[in-house]
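S.K.: So that we are looking at the same thing, I have put the structure below in structure tokens.
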Amino acid sequence: MKSRSRTVLLRSLALHAVIVPLALLWLLPIWMMIVFASMEDSAIFSAEVQLWPGDRFIENFHELQAELDFVRTIVVSVVVAVIYTAASVVLTSMAGWALARYRFHGRGLVVSIILGTMTLPYFVVVIPQFIMVARDFGLSNTWIALIVPPLFNSLGVLFMRQAFTMMPADLFDAARIDGVSEWQIFRHVALPLARPMLAALSIILFLHSWNNYLWPLLISNDRSMMTAPVALGSLFGLLDVSWGGVMVGSVLLTAPMLVVFIFMQRFFMAGITAGAVK
Amino acid sequence: MGSVSLEGVSKSFGAIKVIHGADLDIQDGEFVVFVGPSGCGKSTLLRMIAGLESISHGSLRIGDRLVTDVEPGDRGISMVFQSYALYPHMDVTENLSFGLRMNGNKAADTSERVRGAASVLQLDSLLARLPKQLSGGQRQRVAIGRSIVRKPQVFLFDEPLSNLDAELRVQMRVEIARLHHELGATMIYVTHDQTEAMTLADRIVVLRAGHIEQVGTPLALYTDPDNQFVAGFIGSPRMNFLTGEARGHVDGRQAVVLSGQGDAVVEVALSQPLPSGTPVSLGLRPEHAQVGSPGPGTFTTTIDVVEYLGATSYLYSGTTTKEPLIVARQGVHTDRAGDQVVVGVPPDKAILFAADGTRLR
Amino acid sequence: MRQRTQTAYGFLSPYLLIFAIFWLWPIIHSFYLSFLSTRRQPWSFNPGMTWGRLTQDPAFYNALWNTLKILAIQVPVMLTLATLLAVLLNSTLLRARGLIRFAFFAPVVIGEAAYAAVFRLMFNDEFGIVNKTLEGIGLDAVSWFSNPTAAMSLIIIAVTWRWVGYNAIIILSGLQSIPQDVYEAATLDRVSPRQQFLYITLPLLKPVIVFCLVLSVIGSMQLFAEPYLITNLGGPGGATETLGLYLYKQAFLNLNFGYASAIAYTIAALAVSISILNLWLGRERS
Ligand SMILES: Nc1ncnc2c1ncn2[C@@H]1O[C@H](COP(=O)(O)OP(=O)(O)OP(=O)(O)O)[C@@H](O)[C@H]1O
Ligand SMILES: [Mg+2]
């Protein structure tokens, strides 16, 4: 017995000797974000290695705000992400419900389309999307352009289909016997029961929109309608830029998501693993 | 009003046919029980009556209305599921009233009906609870309450009691019988439980592999089954089947030689004589086999196992052979495994089946 | 279940409408575009200027080669790490689970722009913490942004940092779905932990790992933001220019939509064939 607990202890020690330093290394970029965001540029680009935050966060924020109206771009990002999330949750849960709970002609086709687009690179659609939205519809720098084209997403549908499939069928049959319409069953029985799954999906969709880079970069280049990541990225190539300010932007983009991640880890994991369960 | 009539009703799932042209007439107010082995199509048939499964061929009438293609909610039926199917996010009141609310029923009438159902089922003190805060029996009562609230002409039950423990099952069985009596509505009930079927049913429908084998009162099925399948299915423990061969036929009695039991000869009432040598199967219920002394129409067998149940005991013999035999014995006795007993076949209780299972009368 | 075609399409229609407008039509349209010369108005049918050009464009071959290099190095490294990480996180021996989970999973929520910025600073040739550390332990500083090989490594490091946790989460969920009693039975049969990992865990994880592999391959084929943001549009001198970035330049800087569409279909064809190959390699024995 004693020797057994000894080997377990040794193994545990060896394990931690590897994993803990690696974890700290992985945390370093996040930590450095905070450090850089609170330092003067002269300190960032100095011969000494700084590992502890300074006290210049507010000043750096003001510099960022002066370079581009960053608060405004954050507002744009929030509005886009909120509306996108709400609309996408509605669309994908309706579609997921249909695929989970009805037998109908063309069901196999719809499922293969959804699975197929999962493996299809976005580049195949982005060019005509851009031509259509920017040139044909003339919708550059509009809310619609930022929100609507990304609405199609296969992960959400598969996730909600899975959620609805796992619910006991008797529940919906009981409602049908009660003379409840299909829409009411969806709205008053299925959706309330799917609340945890809807929360998980919302987090993933929000994150998706919040971090989306390519499409907003293409479609929204006007200062007043730029999303925050695009605005931040636009500073990188400039010669005379406050890197402390840029890092403040990074922190402001990252911190809310980290908080969501910490407090809603379970939902978050559920959202990510959704695709893996077919 | 609450009559149900099926005419040539069949069901296929893709290429698999699971119900083969069922014809059945159920009277208003009748209590009909579907029984049959697992997978024979009881639930499917019930769900077709409910409208949850479409009817591939044939027609269905409820009352005098043709409802073959009518939505479940418009058929004037209600259903109680084995899983109860209570809405987990609604309390008992909301569960009971959901259907009515969604259909725009007047609030006053809805709460009136909910109160009515709650008092019939003694749910009054539970109205604010969620399903997960209820015991199995209470959930079952809510599920029944939900079907009462609709004031249906026909109640459908799919194994409603099979998730309950034995004692509650008896209690709820009595409750359902009482409800049937009070409401006077038609009830169609699927079960695996012999006792439920025998005690509740006005008539029992025996299904096998999608075919209706026999329809009749519990007593008729027990005493006068149409075929070997029904005979074996109704009654517990199941009927013994002894292989035999027809011999002479005298005075409305057919002599049968039991080849599996030392060529004992028994005589069984039979109107049509059988050609000598016809293979037959002799059905004898355990409770009809008599343990006694040697004589004509008896044979001797060795007991393998004895089950003492109190008032009754079951003696098992031939458990390893092709022809196991169960004998029920009343009262106190001293039979033990290894003992030899003499079993008598009462000629008016035994029945005969042809080799293909059809009843010989 | 009754057949309810109308109801089903009622629920599906908003979703399918978006699909038709913003995916189906573009998929067809970009195929059509890939045969058009779009250098100047009016656009005209001229596959020589698109597909023809593709076969002899050194910049395209460079981007393709870079992408395949990233794919061949980054994906196996990341998936191995992710698998080990998932196994560690699933081990009962592990303490400080919260810290470790946070460390590896947090990058998953960080956007490309935000992390590109910090990587640019950390890997700064002259003042970055990475080179300072290298010098500190007596090694030479690396020119992360001007040496082609180093720049490529930087992209690989960044992508691995960002995505290893994501894959570990998926693999971990796969691990957790393996019933515990399998291991108990194996332990009773005196199967060592290492053998258990090799002969029980890995085979049972195979479908999940193949799923991650397919996702990672598709992701790598589309790599765009990292070389765009970290190495200044694929620098130095195109050393980190990926197919995605080259397509972006052709389409949205040169406005040569036809040629870019041909590149897009090439990416799609590659991604699909590599995915199919993966799925075929990972197929279940039946
Ligand atoms: N949706 C379906 N698709 C294909 N086959 C089905 C479907 N539903 C039922 N079946 C088949 O139809 C037959 C009858 O099933 P049903 O559920 O009616 O049996 P049952 O008599 O209620 O059985 P049990 O006593 O086990 O509840 C079974 O063979 C079953 O496999
Ligand atoms: Mg059933």
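Labeling convention for the structure tokens: chains A, B, ... as they appear, residues from 1 per chain, ligands from 1 in order of appearance.
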Please return, as a list in words, all residues of chain C lying within 6 Å of chain A when only C-alpha atoms are considered.
M.R.: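 Close enough to count are Gln3, Arg4, Thr5, Ala8, Phe11, Leu12, Tyr15, Phe19, Phe22, Pro26, Ile27, Ser30, Leu93, Ile100, Ala103, Ile110, Gly111, Ala113, Ala114, Val118, Phe127, Ile170, Ala264 and Ala268 of chain C.
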S.K.: Residues as selected, N, CA, C and O atoms, written as a tab-separated table (two decimals), in the first residue's frame, can you do that?
M.R.:
```tsv
chain	number	residue	atom	x	y	z
C	3	GLN	N	-45.47	12.61	-40.97
C	3	GLN	CA	-44.76	13.40	-41.97
C	3	GLN	C	-45.32	14.82	-41.91
C	3	GLN	O	-46.52	15.02	-42.03
C	4	ARG	N	-44.48	15.80	-41.71
C	4	ARG	CA	-44.97	17.17	-41.63
C	4	ARG	C	-44.07	18.06	-42.46
C	4	ARG	O	-43.35	18.91	-41.94
C	5	THR	N	-44.12	17.87	-43.75
C	5	THR	CA	-43.20	18.59	-44.62
C	5	THR	C	-43.41	20.10	-44.54
C	5	THR	O	-42.47	20.88	-44.41
C	8	ALA	N	-42.23	21.62	-41.25
C	8	ALA	CA	-40.78	21.60	-41.17
C	8	ALA	C	-40.18	22.75	-41.98
C	8	ALA	O	-39.32	23.48	-41.50
C	11	PHE	N	-40.42	26.10	-40.34
C	11	PHE	CA	-39.37	26.38	-39.36
C	11	PHE	C	-38.01	26.62	-40.02
C	11	PHE	O	-37.19	27.38	-39.53
C	12	LEU	N	-37.80	25.96	-41.14
C	12	LEU	CA	-36.49	26.05	-41.80
C	12	LEU	C	-36.34	27.28	-42.68
C	12	LEU	O	-35.23	27.71	-42.99
C	15	TYR	N	-33.85	30.31	-42.13
C	15	TYR	CA	-32.47	29.84	-42.19
C	15	TYR	C	-32.07	29.52	-43.62
C	15	TYR	O	-30.99	29.91	-44.10
C	19	PHE	N	-29.28	31.06	-46.17
C	19	PHE	CA	-28.35	30.16	-46.85
C	19	PHE	C	-28.35	30.42	-48.35
C	19	PHE	O	-27.30	30.54	-48.98
C	22	PHE	N	-26.83	34.09	-49.10
C	22	PHE	CA	-25.46	34.42	-48.72
C	22	PHE	C	-24.48	33.26	-48.82
C	22	PHE	O	-23.30	33.42	-48.55
C	26	PRO	N	-23.50	32.70	-53.68
C	26	PRO	CA	-22.06	32.98	-53.79
C	26	PRO	C	-21.23	31.77	-54.22
C	26	PRO	O	-20.28	31.93	-54.99
C	27	ILE	N	-21.58	30.57	-53.74
C	27	ILE	CA	-20.80	29.40	-54.14
C	27	ILE	C	-20.85	29.23	-55.65
C	27	ILE	O	-19.82	29.01	-56.30
C	30	SER	N	-19.11	32.36	-57.40
C	30	SER	CA	-17.65	32.43	-57.42
C	30	SER	C	-17.07	31.39	-58.35
C	30	SER	O	-15.99	31.57	-58.90
C	93	LEU	N	-4.72	12.75	-10.90
C	93	LEU	CA	-3.54	13.19	-10.16
C	93	LEU	C	-3.41	14.71	-10.17
C	93	LEU	O	-2.67	15.28	-9.38
C	100	ILE	N	-4.80	25.50	-14.71
C	100	ILE	CA	-4.38	24.88	-15.96
C	100	ILE	C	-5.46	25.03	-17.03
C	100	ILE	O	-5.16	25.36	-18.18
C	103	ALA	N	-5.38	28.61	-18.21
C	103	ALA	CA	-4.21	28.94	-19.01
C	103	ALA	C	-4.38	28.48	-20.45
C	103	ALA	O	-4.07	29.22	-21.39
C	110	ILE	N	-9.87	34.71	-27.21
C	110	ILE	CA	-9.18	35.95	-27.57
C	110	ILE	C	-9.14	36.12	-29.08
C	110	ILE	O	-8.79	35.21	-29.81
C	111	GLY	N	-9.54	37.29	-29.51
C	111	GLY	CA	-9.61	37.56	-30.95
C	111	GLY	C	-8.24	37.74	-31.57
C	111	GLY	O	-7.24	38.01	-30.89
C	113	ALA	N	-7.00	40.05	-33.55
C	113	ALA	CA	-6.38	41.38	-33.48
C	113	ALA	C	-5.72	41.58	-32.12
C	113	ALA	O	-4.60	42.07	-32.02
C	114	ALA	N	-6.43	41.16	-31.07
C	114	ALA	CA	-5.91	41.38	-29.71
C	114	ALA	C	-4.64	40.58	-29.49
C	114	ALA	O	-3.65	41.09	-28.95
C	118	VAL	N	-0.16	41.59	-29.06
C	118	VAL	CA	0.75	41.24	-27.99
C	118	VAL	C	1.88	40.35	-28.49
C	118	VAL	O	3.03	40.47	-28.05
C	127	PHE	N	13.47	44.53	-28.63
C	127	PHE	CA	13.08	44.75	-27.25
C	127	PHE	C	12.15	43.68	-26.68
C	127	PHE	O	11.74	43.75	-25.53
C	170	ILE	N	-12.25	19.66	-26.98
C	170	ILE	CA	-13.01	18.65	-27.74
C	170	ILE	C	-12.51	17.25	-27.39
C	170	ILE	O	-13.30	16.33	-27.14
C	264	ALA	N	-9.79	30.61	-54.52
C	264	ALA	CA	-10.74	30.13	-53.51
C	264	ALA	C	-11.14	28.69	-53.78
C	264	ALA	O	-11.17	27.85	-52.88
C	268	ALA	N	-10.64	25.36	-51.54
C	268	ALA	CA	-11.75	24.46	-51.19
C	268	ALA	C	-11.44	23.03	-51.60
C	268	ALA	O	-11.63	22.09	-50.83
```
S.K.: Check every residue of chain B for an atom within 10 Å of chain A, counting only C-alpha atoms, and provide those that qualify as a VMD selection string.
M.R.: chain B and resid 47 50 to 52 71 to 90 95 to 103 143 146 to 147 149 to 150
S.K.: Just want the 8 Å neighbourhood of Asp339 (chain B), counted on only C-alpha atoms, with same-chain residues fewer than 4 positions away dropped. Output as a ChimeraX atom specification.
M.R.: /B:302-303,335
S.K.: Take the residues from that selection and put them in a file with C-alpha atoms, as a PDB file, in the first residue's frame.
M.R.:
```pdb
ATOM      1  CA  THR B 302     -40.851 -35.982 -11.480  1.00  0.00           C
ATOM      2  CA  ILE B 303     -40.798 -32.606  -9.799  1.00  0.00           C
ATOM      3  CA  ASP B 335     -44.225 -32.142  -2.326  1.00  0.00           C
TER       4      ASP B 335
END
```
S.K.: I need the residue nearest ligand 1 from this list: B:Asp226, B:Asp348, B:Glu53, B:Asp263. Use only C-alpha atoms and all ligand atoms for the distance.
M.R.: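 When distances to ligand 1 are compared using only C-alpha atoms and all ligand atoms, the smallest one comes from B:Glu53.
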S.K.: As a quick test: using only C-alpha atoms and all ligand atoms, which residues lie no more than 12 Å away from ligand 2? Give them as a short mmCIF file (atom, residue, chain, number, x, y, z; two decimals) with C-alpha atoms, in the first residue's frame.
M.R.:
```
data_model
loop_
_atom_site.label_atom_id
_atom_site.label_comp_id
_atom_site.auth_asym_id
_atom_site.auth_seq_id
_atom_site.Cartn_x
_atom_site.Cartn_y
_atom_site.Cartn_z
CA PHE B 34 -54.43 -4.12 -25.86
CA VAL B 35 -52.04 -6.87 -24.92
CA GLY B 36 -49.34 -8.73 -26.82
CA PRO B 37 -45.66 -9.47 -26.75
CA SER B 38 -43.13 -6.64 -26.90
CA GLY B 39 -42.85 -5.12 -30.35
CA CYS B 40 -46.17 -6.49 -31.61
CA GLY B 41 -47.51 -3.02 -32.38
CA LYS B 42 -49.66 -2.10 -29.38
CA SER B 43 -48.19 1.36 -28.99
CA THR B 44 -48.20 1.93 -32.72
CA LEU B 45 -51.89 1.09 -32.95
CA LEU B 46 -52.70 3.30 -29.98
CA ARG B 47 -50.68 6.16 -31.43
CA PHE B 81 -47.93 8.21 -21.53
CA GLN B 82 -45.75 5.67 -19.80
CA SER B 83 -43.18 8.39 -19.18
CA PHE B 157 -53.25 4.89 -21.99
CA ASP B 158 -49.88 3.48 -23.03
CA GLU B 159 -48.57 1.34 -20.18
CA PRO B 160 -49.37 4.10 -17.71
CA SER B 162 -45.33 0.31 -15.62
CA TYR B 189 -55.35 0.82 -22.50
CA VAL B 190 -52.06 -0.84 -23.42
CA THR B 191 -50.36 -3.02 -20.87
CA HIS B 192 -47.95 -5.85 -20.32
CA LEU B 207 -52.07 -8.61 -30.84
#
```
S.K.: Compile the contact shell of region 309-320 of chain B as a PyMOL selection string: residues with an atom at most 10 Å away, counting only C-alpha atoms, same-chain residues fewer than 5 positions apart removed.
M.R.: chain B and resi 237+260-261+286-287+301-304+325-333+335-338+340-341
S.K.: Write out, as a PDB file, in the first residue's frame, the residues just selected, with N, CA and C atoms.
M.R.:
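Listed below is the output, part-v4.pdb:
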```pdb
ATOM      1  N   PRO B 237     -49.252 -18.640 -14.252  1.00  0.00           N
ATOM      2  CA  PRO B 237     -48.265 -19.005 -15.272  1.00  0.00           C
ATOM      3  C   PRO B 237     -48.928 -19.549 -16.522  1.00  0.00           C
ATOM      4  N   GLY B 260     -45.365 -37.360 -25.038  1.00  0.00           N
ATOM      5  CA  GLY B 260     -44.302 -36.860 -24.164  1.00  0.00           C
ATOM      6  C   GLY B 260     -44.483 -37.277 -22.717  1.00  0.00           C
ATOM      7  N   GLN B 261     -45.593 -37.861 -22.379  1.00  0.00           N
ATOM      8  CA  GLN B 261     -45.866 -38.210 -20.986  1.00  0.00           C
ATOM      9  C   GLN B 261     -46.187 -39.694 -20.857  1.00  0.00           C
ATOM     10  N   PRO B 286     -52.077 -24.670 -15.659  1.00  0.00           N
ATOM     11  CA  PRO B 286     -51.479 -25.201 -14.430  1.00  0.00           C
ATOM     12  C   PRO B 286     -52.526 -25.384 -13.335  1.00  0.00           C
ATOM     13  N   GLU B 287     -53.446 -24.421 -13.237  1.00  0.00           N
ATOM     14  CA  GLU B 287     -54.428 -24.482 -12.155  1.00  0.00           C
ATOM     15  C   GLU B 287     -55.479 -25.557 -12.390  1.00  0.00           C
ATOM     16  N   THR B 301     -44.966 -37.859 -13.258  1.00  0.00           N
ATOM     17  CA  THR B 301     -43.820 -37.019 -13.626  1.00  0.00           C
ATOM     18  C   THR B 301     -42.998 -36.694 -12.385  1.00  0.00           C
ATOM     19  N   THR B 302     -41.744 -36.282 -12.602  1.00  0.00           N
ATOM     20  CA  THR B 302     -40.851 -35.982 -11.480  1.00  0.00           C
ATOM     21  C   THR B 302     -40.753 -34.473 -11.294  1.00  0.00           C
ATOM     22  N   ILE B 303     -40.866 -34.051 -10.068  1.00  0.00           N
ATOM     23  CA  ILE B 303     -40.798 -32.606  -9.799  1.00  0.00           C
ATOM     24  C   ILE B 303     -39.342 -32.142  -9.822  1.00  0.00           C
ATOM     25  N   ASP B 304     -39.064 -31.049 -10.567  1.00  0.00           N
ATOM     26  CA  ASP B 304     -37.717 -30.473 -10.584  1.00  0.00           C
ATOM     27  C   ASP B 304     -37.584 -29.368  -9.540  1.00  0.00           C
ATOM     28  N   LEU B 325     -43.590 -28.636 -17.753  1.00  0.00           N
ATOM     29  CA  LEU B 325     -44.958 -28.736 -17.243  1.00  0.00           C
ATOM     30  C   LEU B 325     -45.028 -28.012 -15.908  1.00  0.00           C
ATOM     31  N   ILE B 326     -46.057 -27.201 -15.732  1.00  0.00           N
ATOM     32  CA  ILE B 326     -46.261 -26.524 -14.459  1.00  0.00           C
ATOM     33  C   ILE B 326     -47.601 -26.980 -13.897  1.00  0.00           C
ATOM     34  N   VAL B 327     -47.589 -27.337 -12.631  1.00  0.00           N
ATOM     35  CA  VAL B 327     -48.836 -27.734 -11.981  1.00  0.00           C
ATOM     36  C   VAL B 327     -49.044 -26.823 -10.779  1.00  0.00           C
ATOM     37  N   ALA B 328     -50.232 -26.234 -10.691  1.00  0.00           N
ATOM     38  CA  ALA B 328     -50.532 -25.401  -9.529  1.00  0.00           C
ATOM     39  C   ALA B 328     -51.200 -26.275  -8.480  1.00  0.00           C
ATOM     40  N   ARG B 329     -50.793 -26.092  -7.261  1.00  0.00           N
ATOM     41  CA  ARG B 329     -51.368 -26.927  -6.220  1.00  0.00           C
ATOM     42  C   ARG B 329     -51.848 -26.034  -5.088  1.00  0.00           C
ATOM     43  N   GLN B 330     -53.083 -26.197  -4.706  1.00  0.00           N
ATOM     44  CA  GLN B 330     -53.651 -25.361  -3.653  1.00  0.00           C
ATOM     45  C   GLN B 330     -53.337 -25.938  -2.287  1.00  0.00           C
ATOM     46  N   GLY B 331     -53.314 -25.065  -1.288  1.00  0.00           N
ATOM     47  CA  GLY B 331     -53.231 -25.503   0.103  1.00  0.00           C
ATOM     48  C   GLY B 331     -51.856 -26.002   0.501  1.00  0.00           C
ATOM     49  N   VAL B 332     -51.782 -26.554   1.698  1.00  0.00           N
ATOM     50  CA  VAL B 332     -50.513 -27.016   2.251  1.00  0.00           C
ATOM     51  C   VAL B 332     -50.247 -28.434   1.780  1.00  0.00           C
ATOM     52  N   HIS B 333     -49.022 -28.704   1.398  1.00  0.00           N
ATOM     53  CA  HIS B 333     -48.674 -30.052   0.955  1.00  0.00           C
ATOM     54  C   HIS B 333     -47.204 -30.272   1.215  1.00  0.00           C
ATOM     55  N   ASP B 335     -44.986 -31.788  -1.125  1.00  0.00           N
ATOM     56  CA  ASP B 335     -44.225 -32.142  -2.326  1.00  0.00           C
ATOM     57  C   ASP B 335     -42.864 -31.467  -2.327  1.00  0.00           C
ATOM     58  N   ARG B 336     -41.856 -32.205  -2.769  1.00  0.00           N
ATOM     59  CA  ARG B 336     -40.513 -31.641  -2.845  1.00  0.00           C
ATOM     60  C   ARG B 336     -39.873 -31.996  -4.169  1.00  0.00           C
ATOM     61  N   ALA B 337     -38.823 -31.274  -4.510  1.00  0.00           N
ATOM     62  CA  ALA B 337     -38.073 -31.591  -5.721  1.00  0.00           C
ATOM     63  C   ALA B 337     -37.596 -33.029  -5.640  1.00  0.00           C
ATOM     64  N   GLY B 338     -37.710 -33.752  -6.760  1.00  0.00           N
ATOM     65  CA  GLY B 338     -37.303 -35.143  -6.773  1.00  0.00           C
ATOM     66  C   GLY B 338     -38.464 -36.100  -6.547  1.00  0.00           C
ATOM     67  N   GLN B 340     -42.015 -37.957  -7.070  1.00  0.00           N
ATOM     68  CA  GLN B 340     -42.841 -38.302  -8.227  1.00  0.00           C
ATOM     69  C   GLN B 340     -44.284 -37.956  -7.902  1.00  0.00           C
ATOM     70  N   VAL B 341     -44.960 -37.305  -8.852  1.00  0.00           N
ATOM     71  CA  VAL B 341     -46.383 -37.055  -8.617  1.00  0.00           C
ATOM     72  C   VAL B 341     -47.178 -37.580  -9.793  1.00  0.00           C
TER      73      VAL B 341
END
```
S.K.: Please determine, counting only C-alpha atoms, which residue among B:Gln290, B:Thr195, B:Ser56, B:Ser5 has the shortest atom-to-atom distance to chain C.
M.R.: B:Ser56
S.K.: Would you work out the distance separating CA of Arg253 (chain B) from CA of Arg238 (chain B), expressed in Å to one decimal?
M.R.: 24.9 Å
S.K.: Running DSSP on the backbone, which parts of region 132-183 of chain B land in helix (DSSP H, G or I), as an MDAnalysis selection string?
M.R.: chainID B and resid 132:133 136:149 166:183
S.K.: Write out the residues from the selection above, keeping N, CA, C and O atoms, as a short mmCIF file (atom, residue, chain, number, x, y, z; two decimals), in the first residue's frame.
M.R.:
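After the write, selection-v4.cif holds the following:
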```
data_model
loop_
_atom_site.label_atom_id
_atom_site.label_comp_id
_atom_site.auth_asym_id
_atom_site.auth_seq_id
_atom_site.Cartn_x
_atom_site.Cartn_y
_atom_site.Cartn_z
N LYS B 132 -40.64 17.59 -10.88
CA LYS B 132 -39.53 16.93 -10.20
C LYS B 132 -39.72 16.90 -8.68
O LYS B 132 -39.01 16.19 -7.99
N GLN B 133 -40.69 17.68 -8.18
CA GLN B 133 -40.96 17.67 -6.74
C GLN B 133 -42.08 16.70 -6.38
O GLN B 133 -42.61 16.74 -5.28
N GLY B 136 -43.53 9.37 -7.97
CA GLY B 136 -43.98 8.70 -9.19
C GLY B 136 -45.50 8.61 -9.28
O GLY B 136 -46.09 8.91 -10.31
N GLY B 137 -46.12 8.23 -8.17
CA GLY B 137 -47.57 8.09 -8.17
C GLY B 137 -48.27 9.43 -8.39
O GLY B 137 -49.26 9.52 -9.12
N GLN B 138 -47.70 10.47 -7.78
CA GLN B 138 -48.30 11.80 -7.94
C GLN B 138 -48.16 12.27 -9.38
O GLN B 138 -49.09 12.85 -9.95
N ARG B 139 -46.99 12.01 -9.97
CA ARG B 139 -46.80 12.40 -11.38
C ARG B 139 -47.83 11.71 -12.26
O ARG B 139 -48.40 12.30 -13.16
N GLN B 140 -48.02 10.43 -11.97
CA GLN B 140 -48.98 9.66 -12.73
C GLN B 140 -50.36 10.30 -12.63
O GLN B 140 -51.07 10.42 -13.61
N ARG B 141 -50.70 10.73 -11.44
CA ARG B 141 -52.02 11.34 -11.26
C ARG B 141 -52.13 12.66 -12.01
O ARG B 141 -53.17 12.97 -12.57
N VAL B 142 -51.04 13.43 -12.02
CA VAL B 142 -51.07 14.68 -12.78
C VAL B 142 -51.27 14.36 -14.27
O VAL B 142 -52.06 15.01 -14.95
N ALA B 143 -50.56 13.33 -14.74
CA ALA B 143 -50.70 12.97 -16.15
C ALA B 143 -52.15 12.59 -16.47
O ALA B 143 -52.69 12.99 -17.50
N ILE B 144 -52.76 11.85 -15.56
CA ILE B 144 -54.16 11.49 -15.79
C ILE B 144 -55.03 12.73 -15.70
O ILE B 144 -55.93 12.94 -16.52
N GLY B 145 -54.71 13.60 -14.72
CA GLY B 145 -55.46 14.84 -14.57
C GLY B 145 -55.42 15.67 -15.84
O GLY B 145 -56.42 16.23 -16.27
N ARG B 146 -54.25 15.72 -16.47
CA ARG B 146 -54.11 16.51 -17.69
C ARG B 146 -55.03 15.97 -18.78
O ARG B 146 -55.53 16.73 -19.61
N SER B 147 -55.23 14.65 -18.77
CA SER B 147 -56.10 14.12 -19.82
C SER B 147 -57.57 14.34 -19.47
O SER B 147 -58.40 14.50 -20.35
N ILE B 148 -57.88 14.38 -18.17
CA ILE B 148 -59.28 14.60 -17.79
C ILE B 148 -59.72 16.01 -18.14
O ILE B 148 -60.84 16.24 -18.61
N VAL B 149 -58.82 16.97 -17.94
CA VAL B 149 -59.14 18.38 -18.16
C VAL B 149 -59.69 18.62 -19.56
O VAL B 149 -60.52 19.49 -19.78
N ALA B 166 -44.93 -2.06 -7.22
CA ALA B 166 -46.07 -2.99 -7.24
C ALA B 166 -47.27 -2.45 -6.45
O ALA B 166 -48.41 -2.50 -6.93
N GLU B 167 -47.01 -1.90 -5.29
CA GLU B 167 -48.12 -1.48 -4.44
C GLU B 167 -48.90 -0.31 -5.06
O GLU B 167 -50.12 -0.32 -5.14
N LEU B 168 -48.12 0.69 -5.54
CA LEU B 168 -48.76 1.84 -6.17
C LEU B 168 -49.54 1.43 -7.40
O LEU B 168 -50.56 2.00 -7.73
N ARG B 169 -48.99 0.43 -8.07
CA ARG B 169 -49.61 -0.03 -9.30
C ARG B 169 -51.03 -0.52 -9.01
O ARG B 169 -51.97 -0.18 -9.71
N VAL B 170 -51.15 -1.27 -7.93
CA VAL B 170 -52.48 -1.78 -7.56
C VAL B 170 -53.39 -0.61 -7.22
O VAL B 170 -54.53 -0.52 -7.69
N GLN B 171 -52.85 0.34 -6.47
CA GLN B 171 -53.63 1.49 -6.05
C GLN B 171 -54.13 2.29 -7.25
O GLN B 171 -55.31 2.63 -7.35
N MET B 172 -53.21 2.55 -8.20
CA MET B 172 -53.58 3.35 -9.37
C MET B 172 -54.53 2.58 -10.28
O MET B 172 -55.36 3.18 -10.96
N ARG B 173 -54.38 1.27 -10.28
CA ARG B 173 -55.27 0.45 -11.10
C ARG B 173 -56.70 0.63 -10.63
O ARG B 173 -57.61 0.85 -11.43
N VAL B 174 -56.86 0.58 -9.32
CA VAL B 174 -58.20 0.76 -8.75
C VAL B 174 -58.70 2.16 -9.07
O VAL B 174 -59.87 2.37 -9.44
N GLU B 175 -57.79 3.12 -8.99
CA GLU B 175 -58.16 4.51 -9.27
C GLU B 175 -58.66 4.66 -10.71
O GLU B 175 -59.63 5.36 -10.99
N ILE B 176 -57.94 4.00 -11.64
CA ILE B 176 -58.34 4.11 -13.04
C ILE B 176 -59.71 3.45 -13.25
O ILE B 176 -60.56 3.98 -13.97
N ALA B 177 -59.91 2.33 -12.59
CA ALA B 177 -61.21 1.67 -12.70
C ALA B 177 -62.31 2.60 -12.17
O ALA B 177 -63.38 2.74 -12.78
N ARG B 178 -62.03 3.26 -11.07
CA ARG B 178 -63.00 4.19 -10.49
C ARG B 178 -63.29 5.34 -11.47
O ARG B 178 -64.44 5.70 -11.70
N LEU B 179 -62.22 5.88 -12.08
CA LEU B 179 -62.39 6.97 -13.04
C LEU B 179 -63.26 6.52 -14.21
O LEU B 179 -64.14 7.25 -14.66
N HIS B 180 -62.98 5.34 -14.69
CA HIS B 180 -63.76 4.84 -15.81
C HIS B 180 -65.23 4.79 -15.44
O HIS B 180 -66.11 5.18 -16.20
N HIS B 181 -65.46 4.35 -14.24
CA HIS B 181 -66.81 4.26 -13.74
C HIS B 181 -67.45 5.65 -13.64
O HIS B 181 -68.57 5.87 -14.10
N GLU B 182 -66.73 6.59 -13.06
CA GLU B 182 -67.27 7.93 -12.84
C GLU B 182 -67.47 8.70 -14.13
O GLU B 182 -68.47 9.39 -14.33
N LEU B 183 -66.47 8.63 -15.03
CA LEU B 183 -66.53 9.44 -16.24
C LEU B 183 -67.35 8.78 -17.33
O LEU B 183 -67.89 9.46 -18.20
#
```
